[in-house]
Every structure is written in structure tokens, then in C-alpha cells.
Amino acid sequence: MFQKIALAERVSRKTAHELHRYMMDFAEGTHRLFWIEQRAYVEVDRQSDADLVRQQFPQLVQPEPRFTGRTFPW
């Protein structure tokens with residue numbers, strides 16, 4: 001199941017791109033980075049990748065809410 005992780009509101013596009021590059025090197029599963037208005041989100045398909053983002057970049061991750069594919073506010 002895909003998990004969507006909201007990044008902090010003021011994350012720049014450059015910082016989000018660097019996170020995406022990090023994920024390309026170290027993530028085990030599929031992931032993507034996307035924007036809705038001014039907020040960046042990381043979508044991952046493995047719990048280990050979600051944990052990786054939260055552990056390595058706690059200052060970038062918005063603590064709540066945590067969305068899944070079913071509960072994401074499209």
C-alpha cells in the first residue's frame with residue numbers, strides 16, 4: 001500500500017529534489033515526489049522507505065497527518 005508523507009510547508013523545491021535524489025540511491029521500493037499547491041509530498045510503497053525518510057530527515061517531515069492512498073485528500 002502506498003503511503004504519502006507530507007513534507008514541511010516551507011521546503012524549497014531544491015531541498016525536495018535533493019530528498020528525491022537521496023531516495024533514488026537508498027530507497028528499496030518505488031517512490032515519487034509530487035507537489036500539491038505549495039506542499040511537497042513523498043509517496044512510497046514500502047514501510048522501510050517511509051521509516052528511512054522519517055529517520056534521516058525528521059526536520060523535513062510534517063509529523064501529522066499521515067496519509068495513505070485511501071485517506072489522501074484529493
# chains A, B, ... in the order shown; residues from 1 in each chain; ligands from 1
>>> residues_around(residues="Arg39 in chain A", least_positions_apart="4", cutoff="10 Å", atoms="only C-alpha atoms", output="PDB file with N, CA, C and O atoms, in the first residue's frame")
ATOM      1  N   ALA A   6       3.721  13.981   4.020  1.00  0.00           N
ATOM      2  CA  ALA A   6       3.749  15.421   3.781  1.00  0.00           C
ATOM      3  C   ALA A   6       5.058  15.992   4.293  1.00  0.00           C
ATOM      4  O   ALA A   6       5.477  15.708   5.413  1.00  0.00           O
ATOM      5  N   LEU A   7       5.708  16.782   3.457  1.00  0.00           N
ATOM      6  CA  LEU A   7       6.898  17.496   3.888  1.00  0.00           C
ATOM      7  C   LEU A   7       6.489  18.823   4.500  1.00  0.00           C
ATOM      8  O   LEU A   7       5.370  19.294   4.298  1.00  0.00           O
ATOM      9  N   ALA A   8       7.386  19.420   5.241  1.00  0.00           N
ATOM     10  CA  ALA A   8       7.101  20.692   5.905  1.00  0.00           C
ATOM     11  C   ALA A   8       6.674  21.742   4.883  1.00  0.00           C
ATOM     12  O   ALA A   8       7.082  21.697   3.720  1.00  0.00           O
ATOM     13  N   GLU A   9       5.881  22.681   5.303  1.00  0.00           N
ATOM     14  CA  GLU A   9       5.300  23.670   4.395  1.00  0.00           C
ATOM     15  C   GLU A   9       6.332  24.493   3.654  1.00  0.00           C
ATOM     16  O   GLU A   9       6.139  24.835   2.503  1.00  0.00           O
ATOM     17  N   ARG A  10       7.403  24.840   4.262  1.00  0.00           N
ATOM     18  CA  ARG A  10       8.384  25.757   3.677  1.00  0.00           C
ATOM     19  C   ARG A  10       9.567  25.054   3.031  1.00  0.00           C
ATOM     20  O   ARG A  10      10.615  25.652   2.850  1.00  0.00           O
ATOM     21  N   VAL A  11       9.426  23.796   2.662  1.00  0.00           N
ATOM     22  CA  VAL A  11      10.507  23.079   1.989  1.00  0.00           C
ATOM     23  C   VAL A  11      10.636  23.623   0.566  1.00  0.00           C
ATOM     24  O   VAL A  11       9.651  23.734  -0.161  1.00  0.00           O
ATOM     25  N   SER A  12      11.855  23.984   0.199  1.00  0.00           N
ATOM     26  CA  SER A  12      12.074  24.516  -1.140  1.00  0.00           C
ATOM     27  C   SER A  12      12.071  23.385  -2.163  1.00  0.00           C
ATOM     28  O   SER A  12      12.250  22.213  -1.827  1.00  0.00           O
ATOM     29  N   ARG A  13      11.896  23.747  -3.413  1.00  0.00           N
ATOM     30  CA  ARG A  13      11.940  22.754  -4.484  1.00  0.00           C
ATOM     31  C   ARG A  13      13.321  22.127  -4.585  1.00  0.00           C
ATOM     32  O   ARG A  13      13.447  20.951  -4.880  1.00  0.00           O
ATOM     33  N   PHE A  34       5.900  14.664  -5.395  1.00  0.00           N
ATOM     34  CA  PHE A  34       4.958  15.493  -6.130  1.00  0.00           C
ATOM     35  C   PHE A  34       4.521  16.670  -5.267  1.00  0.00           C
ATOM     36  O   PHE A  34       4.753  16.682  -4.063  1.00  0.00           O
ATOM     37  N   TRP A  35       3.945  17.637  -5.919  1.00  0.00           N
ATOM     38  CA  TRP A  35       3.518  18.872  -5.269  1.00  0.00           C
ATOM     39  C   TRP A  35       2.014  19.054  -5.432  1.00  0.00           C
ATOM     40  O   TRP A  35       1.463  18.765  -6.488  1.00  0.00           O
TER      41      TRP A  35
END
>>> select_by_dssp(residues="chain A", states="strand (DSSP E)", output="list of chain:residue names")
A:Gln3, A:Lys4, A:Ile5, A:Ala6, A:His31, A:Arg32, A:Leu33, A:Phe34, A:Trp35, A:Ile36, A:Arg39, A:Ala40, A:Tyr41, A:Val42, A:Glu43, A:Val44, A:Phe67, A:Thr68
>>> atom_distance(atom1="CA of Ala27 in chain A", atom2="CA of Val53 in chain A")
9.0 Å
>>> closest_residue(among="A:Val42, A:Leu52, A:Leu60, A:Ile36", to="Ile5 in chain A", atoms="only C-alpha atoms")
A:Val42
>>> residues_around(residues="Thr30 in chain A", least_positions_apart="4", cutoff="9 Å", atoms="only C-alpha atoms", output="list in words")
Met24, Glu43, Val44, Asp45, Arg46 and Asp49 of chain A
>>> select_by_dssp(residues="chain A", states="alpha helix (DSSP H)", output="list in words")
Arg13, Lys14, Thr15, Ala16, His17, Glu18, Leu19, His20, Arg21, Tyr22, Met23, Met24, Asp25, Phe26, Gln47, Ser48, Asp49, Ala50, Asp51, Leu52, Val53, Arg54, Gln55 and Gln56 of chain A
